[in-house]
Each structure stands twice: as C-alpha cells, then as structure tokens.
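> For reference, this is entry.tsv, and it has TSV, C-alpha atoms.
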```tsv
chain	number	residue	atom	x	y	z
A	1	MET	CA	93.31	106.75	142.00
A	2	THR	CA	95.78	109.15	140.44
A	3	MET	CA	94.38	111.96	138.29
A	4	PHE	CA	96.37	113.64	135.55
A	5	SER	CA	95.98	116.03	132.67
A	6	TYR	CA	95.77	114.11	129.40
A	7	SER	CA	96.42	115.26	125.86
A	8	PRO	CA	94.42	113.22	123.29
A	9	CYS	CA	96.33	110.89	121.02
A	10	LYS	CA	97.79	112.32	117.85
A	11	VAL	CA	97.60	111.31	114.20
A	12	ALA	CA	100.66	109.07	113.68
A	13	ILE	CA	102.13	108.81	110.18
A	14	SER	CA	103.55	105.43	111.16
A	15	ALA	CA	100.03	104.09	111.59
A	16	CYS	CA	99.09	105.42	108.15
A	17	LEU	CA	102.02	103.52	106.68
A	18	ALA	CA	100.85	100.37	108.42
A	19	LEU	CA	97.41	100.81	106.87
A	20	ALA	CA	99.07	101.42	103.50
A	21	ILE	CA	100.72	98.03	103.72
A	22	LEU	CA	97.42	96.38	104.56
A	23	CYS	CA	95.50	98.33	101.92
A	24	PHE	CA	98.08	97.44	99.27
A	25	ARG	CA	97.44	93.78	99.96
A	26	SER	CA	93.68	94.26	100.12
A	27	ASN	CA	93.75	95.85	96.66
A	28	VAL	CA	95.58	92.81	95.32
A	29	VAL	CA	92.75	90.70	96.67
A	30	SER	CA	90.20	93.12	95.25
A	31	ALA	CA	91.52	92.50	91.76
A	32	GLN	CA	90.16	88.97	92.12
A	33	LYS	CA	87.10	89.73	94.23
A	34	HIS	CA	85.82	93.10	95.41
A	35	THR	CA	86.91	93.17	99.06
A	36	ALA	CA	86.51	96.63	100.55
A	37	PHE	CA	88.20	97.77	103.76
A	38	PHE	CA	86.29	99.91	106.31
A	39	ILE	CA	88.30	101.28	109.23
A	40	PHE	CA	86.99	102.65	112.52
A	41	GLY	CA	89.43	104.03	115.05
A	42	ASP	CA	91.54	106.68	116.72
A	43	SER	CA	94.99	108.16	116.08
A	44	SER	CA	96.46	104.68	115.64
A	45	VAL	CA	94.82	104.56	112.19
A	46	ASP	CA	93.71	108.15	111.42
A	47	PRO	CA	94.84	109.03	107.86
A	48	GLY	CA	93.94	112.71	108.18
A	49	ASN	CA	90.25	113.09	109.03
A	50	ASN	CA	91.16	115.46	111.86
A	51	ASN	CA	92.65	117.88	109.33
A	52	TYR	CA	89.06	118.55	108.22
A	53	ILE	CA	87.49	119.20	111.65
A	54	ASP	CA	87.80	121.92	114.28
A	55	THR	CA	90.03	120.33	116.91
A	56	ILE	CA	93.08	121.04	119.08
A	57	PRO	CA	96.68	120.90	117.75
A	58	GLU	CA	97.40	117.73	119.76
A	59	ASN	CA	94.93	115.87	117.54
A	60	ARG	CA	96.79	116.61	114.30
A	61	ALA	CA	100.16	115.67	112.84
A	62	ASN	CA	100.25	117.81	109.70
A	63	HIS	CA	103.56	119.42	110.66
A	64	LYS	CA	107.20	118.50	111.13
A	65	PRO	CA	108.77	116.28	112.40
A	66	TYR	CA	105.75	114.03	111.71
A	67	GLY	CA	106.04	112.34	108.35
A	68	GLN	CA	109.78	112.81	107.98
A	69	ASN	CA	110.41	109.09	107.37
A	70	ALA	CA	107.38	108.24	105.22
A	71	GLU	CA	108.13	109.69	101.82
A	72	TYR	CA	109.02	106.27	100.41
A	73	ALA	CA	105.61	104.75	101.24
A	74	LYS	CA	104.19	104.98	97.72
A	75	LEU	CA	101.36	102.55	98.47
A	76	PRO	CA	97.63	103.07	97.91
A	77	LEU	CA	95.72	104.21	101.00
A	78	ILE	CA	92.06	103.77	101.82
A	79	PRO	CA	90.84	107.41	101.77
A	80	PRO	CA	89.75	109.34	104.87
A	81	PHE	CA	85.99	109.80	104.94
A	82	LEU	CA	86.22	113.60	105.10
A	83	GLU	CA	88.58	113.93	102.13
A	84	PRO	CA	86.77	115.94	99.44
A	85	SER	CA	85.64	113.91	96.40
A	86	ALA	CA	87.00	110.65	97.84
A	87	ASP	CA	86.13	107.39	96.08
A	88	TYR	CA	84.71	104.88	98.57
A	89	SER	CA	84.43	101.94	96.18
A	90	HIS	CA	87.23	99.99	97.90
A	91	GLY	CA	86.52	101.22	101.40
A	92	VAL	CA	86.98	104.25	103.61
A	93	ASN	CA	88.76	105.21	106.82
A	94	PHE	CA	86.60	106.92	109.45
A	95	ALA	CA	89.29	107.09	112.16
A	96	SER	CA	89.93	110.25	114.15
A	97	GLY	CA	92.82	111.08	116.48
A	98	GLY	CA	91.56	111.33	120.06
A	99	ALA	CA	88.37	109.37	119.32
A	100	GLY	CA	86.80	107.03	121.81
A	101	ILE	CA	84.38	104.13	121.77
A	102	LEU	CA	82.36	106.18	124.27
A	103	SER	CA	80.94	109.47	123.01
A	104	THR	CA	82.01	111.21	126.23
A	105	THR	CA	85.71	110.64	125.50
A	106	ASN	CA	87.32	113.88	124.25
A	107	GLU	CA	83.83	115.07	123.39
A	108	GLY	CA	83.82	117.78	120.75
A	109	GLN	CA	87.48	117.25	119.86
A	110	ALA	CA	87.30	114.07	117.77
A	111	ILE	CA	84.94	111.89	115.74
A	112	ASP	CA	83.65	109.28	118.19
A	113	LEU	CA	82.62	105.75	117.20
A	114	ARG	CA	78.90	106.58	117.14
A	115	THR	CA	79.54	109.39	114.63
A	116	GLN	CA	81.86	107.16	112.58
A	117	LEU	CA	79.00	104.66	112.30
A	118	LYS	CA	76.70	107.45	111.08
A	119	TYR	CA	79.29	108.30	108.45
A	120	PHE	CA	79.23	104.66	107.36
A	121	GLU	CA	75.51	105.07	106.63
A	122	GLU	CA	76.40	107.90	104.26
A	123	VAL	CA	78.91	105.61	102.54
A	124	GLU	CA	76.19	102.97	102.19
A	125	GLN	CA	74.07	105.50	100.34
A	126	TRP	CA	77.04	106.58	98.20
A	127	LEU	CA	77.74	102.98	97.21
A	128	ALA	CA	74.10	102.34	96.33
A	129	GLU	CA	73.98	105.43	94.11
A	130	LYS	CA	77.28	104.66	92.40
A	131	LEU	CA	77.09	100.87	92.07
A	132	GLY	CA	73.40	100.08	92.37
A	133	ALA	CA	71.69	98.44	95.33
A	134	SER	CA	72.65	94.86	94.50
A	135	GLU	CA	76.37	95.48	93.97
A	136	ALA	CA	76.50	97.81	96.99
A	137	GLU	CA	75.11	95.04	99.19
A	138	GLU	CA	77.75	92.67	97.83
A	139	VAL	CA	80.53	95.15	98.63
A	140	ILE	CA	79.24	95.53	102.20
A	141	SER	CA	78.88	91.79	102.79
A	142	ASN	CA	82.33	90.96	101.36
A	143	ALA	CA	84.16	93.80	103.11
A	144	VAL	CA	86.48	93.61	106.11
A	145	TYR	CA	85.65	95.92	109.03
A	146	PHE	CA	88.65	96.91	111.15
A	147	PHE	CA	88.53	98.47	114.63
A	148	SER	CA	91.49	100.15	116.36
A	149	MET	CA	90.34	102.21	119.32
A	150	GLY	CA	89.83	102.20	123.08
A	151	SER	CA	93.04	103.69	124.50
A	152	ASN	CA	91.57	107.20	124.70
A	153	ASP	CA	88.59	105.88	126.67
A	154	TYR	CA	90.88	104.58	129.40
A	155	LEU	CA	93.63	107.23	129.44
A	156	GLY	CA	91.65	110.43	129.00
A	157	GLY	CA	88.10	109.17	129.47
A	158	TYR	CA	88.73	107.36	132.75
A	159	LEU	CA	92.14	107.91	134.34
A	160	GLY	CA	92.03	111.56	133.27
A	161	SER	CA	88.50	112.07	134.61
A	162	PRO	CA	87.99	112.14	138.40
A	163	ARG	CA	84.23	112.28	137.78
A	164	MET	CA	84.22	109.02	135.78
A	165	GLN	CA	86.29	107.35	138.48
A	166	GLU	CA	83.75	108.44	141.10
A	167	LEU	CA	80.82	107.15	139.05
A	168	HIS	CA	82.23	103.81	137.88
A	169	HIS	CA	84.51	101.08	139.20
A	170	PRO	CA	87.11	99.93	136.64
A	171	GLU	CA	85.12	96.75	135.89
A	172	GLN	CA	81.96	98.76	135.25
A	173	TYR	CA	83.76	101.19	132.98
A	174	VAL	CA	85.34	98.39	130.93
A	175	GLY	CA	81.84	96.93	130.59
A	176	MET	CA	80.57	100.25	129.25
A	177	VAL	CA	83.33	100.45	126.64
A	178	ILE	CA	82.89	96.84	125.51
A	179	GLY	CA	79.11	97.28	125.54
A	180	ASN	CA	79.31	100.20	123.11
A	181	LEU	CA	81.70	98.27	120.89
A	182	THR	CA	79.29	95.31	120.92
A	183	ILE	CA	76.46	97.54	119.73
A	184	ALA	CA	78.64	98.84	116.89
A	185	ILE	CA	79.55	95.31	115.76
A	186	GLN	CA	75.92	94.21	115.89
A	187	GLU	CA	74.75	97.23	113.89
A	188	LEU	CA	77.28	96.53	111.15
A	189	TYR	CA	76.37	92.82	111.19
A	190	GLU	CA	72.70	93.73	110.68
A	191	LYS	CA	73.74	95.80	107.65
A	192	GLY	CA	75.45	92.75	106.15
A	193	ALA	CA	78.97	92.88	107.62
A	194	ARG	CA	80.46	89.45	108.38
A	195	LYS	CA	84.25	89.87	108.59
A	196	PHE	CA	85.86	91.88	111.37
A	197	GLY	CA	89.41	92.71	112.47
A	198	PHE	CA	90.54	94.18	115.80
A	199	LEU	CA	93.73	95.79	117.08
A	200	SER	CA	93.84	95.13	120.81
A	201	LEU	CA	95.22	97.65	123.28
A	202	CYS	CA	98.94	97.88	123.97
A	203	PRO	CA	100.41	98.12	127.52
A	204	LEU	CA	99.06	101.63	128.05
A	205	GLY	CA	100.90	102.11	131.32
A	206	CYS	CA	104.24	101.75	129.52
A	207	LEU	CA	103.66	104.69	127.17
A	208	PRO	CA	106.34	107.33	127.87
A	209	VAL	CA	103.62	109.79	128.93
A	210	MET	CA	102.35	107.32	131.53
A	211	ARG	CA	105.83	106.56	132.85
A	212	ALA	CA	106.36	110.31	133.26
A	213	LEU	CA	103.12	110.60	135.23
A	214	ASN	CA	103.70	107.50	137.34
A	215	PRO	CA	104.67	108.45	140.92
A	216	LYS	CA	106.26	105.00	141.30
A	217	ALA	CA	108.19	105.04	138.02
A	218	GLY	CA	111.42	104.21	139.82
A	219	GLU	CA	109.96	100.94	141.14
A	220	GLY	CA	109.22	99.39	137.78
A	221	GLY	CA	108.38	102.14	135.40
A	222	CYS	CA	104.96	101.35	133.97
A	223	PHE	CA	101.73	102.82	135.32
A	224	GLN	CA	100.03	99.65	136.55
A	225	GLN	CA	96.46	101.01	136.70
A	226	ALA	CA	96.59	101.81	132.98
A	227	ASN	CA	98.04	98.39	132.16
A	228	SER	CA	95.30	96.69	134.21
A	229	LEU	CA	92.61	98.54	132.26
A	230	ALA	CA	94.21	97.57	128.94
A	231	LEU	CA	94.37	93.90	129.95
A	232	ALA	CA	90.78	93.99	131.21
A	233	HIS	CA	89.63	95.47	127.91
A	234	ASN	CA	91.56	92.93	125.84
A	235	ASN	CA	90.28	89.98	127.87
A	236	ALA	CA	86.69	91.21	127.66
A	237	LEU	CA	87.09	91.69	123.91
A	238	LYS	CA	88.34	88.11	123.49
A	239	THR	CA	85.31	86.78	125.36
A	240	LEU	CA	82.93	88.97	123.34
A	241	LEU	CA	84.32	87.87	119.98
A	242	ASN	CA	84.28	84.21	120.93
A	243	ASN	CA	80.63	84.53	121.95
A	244	LEU	CA	79.67	86.37	118.76
A	245	HIS	CA	81.40	83.67	116.71
A	246	TYR	CA	78.87	81.17	118.02
A	247	LEU	CA	75.84	83.45	118.24
A	248	LEU	CA	76.02	85.16	114.84
A	249	LYS	CA	75.88	83.10	111.67
A	250	ASP	CA	78.95	83.47	109.40
A	251	PHE	CA	80.64	85.87	111.85
A	252	LYS	CA	84.40	85.73	111.22
A	253	TYR	CA	87.08	87.70	112.97
A	254	CYS	CA	90.75	88.46	113.39
A	255	ASN	CA	91.85	89.52	116.86
A	256	SER	CA	95.38	90.48	117.94
A	257	ASP	CA	97.59	90.38	121.02
A	258	PHE	CA	99.26	93.76	120.58
A	259	TYR	CA	99.79	93.93	124.36
A	260	ASN	CA	102.29	91.08	124.71
A	261	TRP	CA	103.77	91.63	121.25
A	262	LEU	CA	104.73	95.21	122.09
A	263	GLN	CA	105.61	94.47	125.73
A	264	ASP	CA	108.30	92.07	124.58
A	265	ARG	CA	109.88	94.77	122.42
A	266	ILE	CA	109.70	97.27	125.26
A	267	ASN	CA	111.41	94.86	127.67
A	268	ASN	CA	113.85	93.33	125.16
A	269	PRO	CA	114.52	95.89	122.41
A	270	SER	CA	117.88	94.38	121.43
A	271	HIS	CA	116.12	91.13	120.44
A	272	TYR	CA	114.42	93.05	117.64
A	273	GLY	CA	117.25	95.26	116.37
A	274	LEU	CA	116.27	98.16	118.64
A	275	LYS	CA	118.24	100.02	121.28
A	276	GLU	CA	115.67	101.89	123.38
A	277	GLY	CA	112.36	100.53	124.70
A	278	VAL	CA	111.51	103.07	127.39
A	279	ASN	CA	112.18	106.62	126.20
A	280	ALA	CA	110.48	108.41	123.31
A	281	CYS	CA	112.44	109.64	120.30
A	282	CYS	CA	110.54	112.95	120.20
A	283	GLY	CA	109.37	114.90	123.23
A	284	SER	CA	110.75	116.36	126.45
A	285	GLY	CA	110.97	115.69	130.16
A	286	PRO	CA	111.29	112.27	131.85
A	287	PHE	CA	111.21	109.42	129.32
A	288	GLY	CA	110.33	111.98	126.60
A	289	GLY	CA	106.86	111.69	128.11
A	290	VAL	CA	105.98	115.38	128.07
A	291	TYR	CA	103.97	115.76	124.87
A	292	THR	CA	105.82	118.61	123.13
A	293	CYS	CA	106.87	116.88	119.88
A	294	GLY	CA	106.47	119.27	116.95
A	295	GLY	CA	106.43	122.41	119.08
A	296	THR	CA	102.77	123.22	118.40
A	297	LYS	CA	101.67	123.11	122.04
A	298	LYS	CA	102.16	125.64	124.87
A	299	VAL	CA	105.72	124.39	125.29
A	300	THR	CA	107.37	124.85	121.90
A	301	THR	CA	110.75	123.23	122.60
A	302	TYR	CA	111.35	119.50	122.28
A	303	GLU	CA	114.13	116.99	121.79
A	304	LEU	CA	114.40	114.79	118.71
A	305	CYS	CA	116.59	111.69	118.55
A	306	ASP	CA	119.08	111.10	115.73
A	307	ASN	CA	117.67	107.75	114.60
A	308	ALA	CA	114.03	106.89	115.30
A	309	ASP	CA	114.59	103.31	114.12
A	310	ASP	CA	116.56	102.65	117.32
A	311	TYR	CA	113.47	103.34	119.43
A	312	VAL	CA	110.19	101.58	120.25
A	313	TRP	CA	108.43	104.91	120.91
A	314	TRP	CA	108.23	107.78	118.45
A	315	ASP	CA	106.54	110.31	120.76
A	316	SER	CA	104.85	110.31	124.15
A	317	PHE	CA	101.97	108.15	122.89
A	318	HIS	CA	102.89	106.33	119.69
A	319	PRO	CA	105.34	103.62	118.58
A	320	ILE	CA	107.69	104.31	115.69
A	321	GLU	CA	106.88	103.60	112.05
A	322	ARG	CA	108.94	100.40	112.06
A	323	ILE	CA	106.85	98.94	114.92
A	324	HIS	CA	103.62	99.64	113.03
A	325	GLU	CA	105.04	98.09	109.88
A	326	GLN	CA	106.02	94.92	111.72
A	327	PHE	CA	102.68	94.54	113.45
A	328	ALA	CA	100.79	95.30	110.24
A	329	LYS	CA	102.58	92.32	108.70
A	330	ALA	CA	101.70	90.20	111.75
A	331	LEU	CA	98.04	91.19	111.38
A	332	TRP	CA	98.16	90.25	107.72
A	333	ASN	CA	99.58	86.73	107.95
A	334	GLY	CA	101.01	86.31	111.45
A	335	PRO	CA	100.90	83.18	113.63
A	336	GLN	CA	98.08	82.46	116.08
A	337	ASP	CA	100.40	83.35	118.96
A	338	PHE	CA	99.59	86.99	118.16
A	339	VAL	CA	96.69	86.94	115.68
A	340	GLY	CA	93.71	84.64	115.67
A	341	PRO	CA	91.64	82.67	115.11
A	342	ARG	CA	92.10	84.15	111.63
A	343	ASN	CA	94.50	86.75	110.30
A	344	LEU	CA	93.53	89.50	107.88
A	345	GLN	CA	94.76	87.50	104.91
A	346	ASP	CA	92.26	84.79	105.81
A	347	LEU	CA	89.46	87.34	105.87
A	348	PHE	CA	90.37	88.94	102.55
A	349	PHE	CA	90.82	85.58	100.83
A	350	ASP	CA	87.91	83.93	102.70
A	351	ASN	CA	90.19	81.15	103.98
A	352	GLU	CA	88.15	78.77	106.10
A	353	ILE	CA	89.38	78.00	109.63
A	354	GLU	CA	87.42	76.00	112.17
A	355	LEU	CA	87.80	76.58	115.90
A	356	THR	CA	88.38	73.36	117.83
A	357	ILE	CA	87.16	72.61	121.35
A	358	ALA	CA	90.75	73.11	122.54
A	359	ASP	CA	90.76	76.60	121.02
A	360	VAL	CA	87.55	77.49	122.88
A	361	VAL	CA	88.94	76.17	126.18
A	362	ASP	CA	92.10	78.24	125.70
A	363	ILE	CA	90.08	81.41	125.05
A	364	ILE	CA	87.89	80.84	128.12
A	365	THR	CA	90.91	80.09	130.31
A	366	GLU	CA	92.70	83.26	129.19
A	367	ASN	CA	89.67	85.34	130.16
A	368	GLU	CA	88.93	84.01	133.64
A	369	GLU	CA	90.45	87.14	135.23
A	370	ILE	CA	89.37	90.52	133.93
A	371	VAL	CA	90.96	92.95	136.39
```
As a first step, turn the structure in this file into structure tokens.

Amino acid sequence: MTMFSYSPCKVAISACLALAILCFRSNVVSAQKHTAFFIFGDSSVDPGNNNYIDTIPENRANHKPYGQNAEYAKLPLIPPFLEPSADYSHGVNFASGGAGILSTTNEGQAIDLRTQLKYFEEVEQWLAEKLGASEAEEVISNAVYFFSMGSNDYLGGYLGSPRMQELHHPEQYVGMVIGNLTIAIQELYEKGARKFGFLSLCPLGCLPVMRALNPKAGEGGCFQQANSLALAHNNALKTLLNNLHYLLKDFKYCNSDFYNWLQDRINNPSHYGLKEGVNACCGSGPFGGVYTCGGTKKVTTYELCDNADDYVWWDSFHPIERIHEQFAKALWNGPQDFVGPRNLQDLFFDNEIELTIADVVDIITENEEIV
C-alpha cells in the first residue's frame, strides 16, 4: 500500500458558515422549545477550538486567504467549547481540525473524540449549575448531537501510517473506527441523548491532495484506496445506525450520503453552476494538491484562483463555502436520496417518521459489501 506524508485537515471557514446556517435554524426552533445543538468533529466543523490549543499551523485557518468570502455570514454560531466565557445554553461545538475518532490519529495535535466527550461532561456540569439539574436534563434529552469526523483516521491515521497498515487490514481498521464511534454514541445515549446527526465521508481519494499523491492519477485521477476506505466507513455507519434504531428505545437519527452528493459535483460541475471539479482554488503543484494555501507552511508560495465559486475545492482538503452551504441545506430539509431516514429539521421539530420494511431491506442491501 502506498505511504505518504499527510498534513492534518485545516479549519475551514466554509464549514463554519454551514454550521451557522444550521444553528440559525436551530435557534428558531429553540424559541418554541429548547433544542440545543452539540457538535463533535474535525476541521469540517471546527469553529476555532484549535486557536486555543498548541498545534501546528496546518490545523488553523486564522489567516488570509481563509475567511475572505465569509464577512456577510451574520448568523448566530454555536460557540467553540474553548472560547472564554462561552454560553453553552443552546449547545457547544467541540470540533477540532485534525481530530480523529481514534485517539492515535494526529495524537497531540488535535482534540480527539474521546477528549471531546470529556469536554461534554464539563458542559453537563455547567448546565446543571446554571439551569438546575431538572432543566439541564431536559436540555440534554431534547438536544441534537451532530458528528462530522473520520477522514483524518483514514488519510493520516491509516494511509499515512505504515505501522497501522502492518498491524491492521482495512476491514479491521474500519471496524476499530466504527467501534469507537459506537462507544461514543452509546455513552451519550446513556446520558440522555436521543437525537443524532451524521455527516458521512466524502470521496476521500478525489481530494486534490490525494490526486496529487496518486501514482495512477492519469488513469482516472482519484486515489482508489482512499475512496474504498470512505465507502467502507459509510456502509458500516449505515448498518450501525440501523441496528441502534431498533436496539435503543427512542433513538432517532439523520444520516447523509455526502459521498455520492459530492462525487456528482466533482464529475459534473457544470450541472451545478461550477466550472472546475478537480483542481483546488488555493494551493500549488498538481491539482493544487500541495497544501501551501495561506503560505504558513515550509513552502510559503501558493496560487489563488480569481473566483472560488467556480470551484468544488477550496484548498487541498476542503470544498468551497458554496458546497458547504448547499449540503447544509440538504442536511436541514433534503430528500431521502441524500439524507435519511430523518433530516435535521425532523430532529429539531421532533417530526415523527416510521421506517418501513422496504426501508430496512434497502439499508441492508446497500451494506452487503463493505470493502
């Protein structure tokens, strides 16, 4: 298996805007019923926690050109956990750029899922002290818990680690990642959580950085090993959530098909008002896949496109702001082709949806092949 040097994912302002859209809508719901929003994740949803920890420059985006298109996003955001004097009454964002579901992923450089769960315990205590035990329990039971992580485990944690590849077959490693995520879901459920949302993995092998590293890029472009891991993870996640739906009383969830949704835009950008689905707007080297955007790394020069809205990819790792906006809307009230069995709107408004036998058969059929 190919080994490569991997730079952990970076805080993307586009993802923060996507969360702003969702949080704006959640606050509308909260005016009627207190529905808090707790977010666990990596750079896809990090609102700035990494600005408060000792980490490498690649894990931050508090410099130009990041943020250049976001000044108009005057929407309320769920605060980062590490923000001083933050109010957690309506939720908190624990996400950290570079974080993994496994604690070994980018160890010491990001806030892994296990630590994010420990932070949640501190928020529990904060809520109890501020609101009283009874109201705090109600906030926790009514809240929506959103997970967006896993890509770092497969890119840096596995493909970037010859040792991990020696120790574990791909199927075993996917099982480890999903196993840790299962434990996290169960722990939150035992604390009273009942409503969960998940952002599935995108086609990781089609990231500009992976195309640049792919020795067979000329034969099709995408790094197939990375795509296979992403599909295996997504299929295992679907099976897990379907099982938990029947094993855990009142367990409700929103899952997403970010893989096929984004793949279609990569392959057919003109269908969505885009011009470029392969190359990054900001970066250097083949496909813009060399991670130099911002000039804060060893290589300080980089190229920046004239109009990011023409592109699918902002930098070597992350889609542009417009892509995040569109998928945030799909997560909120999108069709079951991409979001199901509920969408986030259903969870915030407690809309009741019953899975049919046909739905279950479809889910099982989709998950017959893992790798």
> Can you measure CA of Leu247 in chain A to CA of Gly192 in chain A for me? One decimal in Å is fine.
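Taking CA of Leu247 in chain A as the start and CA of Gly192 in chain A as the end point, the length is 15.3 Å.
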> What's the 12 Å shell around Ser228 in chain A, counting all atoms listed in the file, without same-chain residues fewer than 3 positions away, as a ChimeraX atom specification?
/A:154-155,159,170-171,174,201-206,222-225,231-235,259,369-371
> For Asn255 in chain A, which residue among A:Asp309, A:Asp87, A:Asp42, A:Asp337 is the nearest when counting only C-alpha atoms?
A:Asp337
> CA of His168 in chain A and CA of His245 in chain A, how far apart in Å?
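CA of His168 in chain A lies at a distance of 29.2 Å from CA of His245 in chain A.
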> I'd like the interatomic distance between CA of Phe327 in chain A and CA of Pro269 in chain A, to a tenth of an Å.
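For CA of Phe327 in chain A relative to CA of Pro269 in chain A, the distance reads 14.9 Å.
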> Within 7 Å of range 310-321 of chain A, counting all atoms listed in the file, which residues qualify if same-chain residues fewer than 5 places away don't, as a list in words?
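Answer for this query is Cys9, Ala12, Ser14, Ala15, Leu207, Pro208, Val209, Ile266, Leu274, Lys275, Glu276, Gly277, Asn279, Ala280, Cys281, Cys282, Gly283, Gly288, Gly289, Val290, Tyr291 and Cys293 of chain A.
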> Skipping near chain neighbours, those fewer than 2 positions away, what residues fall within 8 Å of Leu102 in chain A using all atoms listed in the file, listed as an MDAnalysis selection string?
chainID A and resid 100 104:105 112:114 153 176:177 180
> From the list A:Val144, A:Gly285, A:Ile185, A:Asn93, which residue is nearest Ser43 in chain A when using all atoms listed in the file?
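When distances to Ser43 in chain A are compared using all atoms listed in the file, the smallest one comes from A:Asn93.
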> Please identify all polymer residues within 10 Å of Glu137 in chain A, counting only C-alpha atoms, omitting same-chain residues fewer than 2 positions from it, and present them as number ranges by chain.
A: 124, 127-128, 131-135, 139-143, 191-193
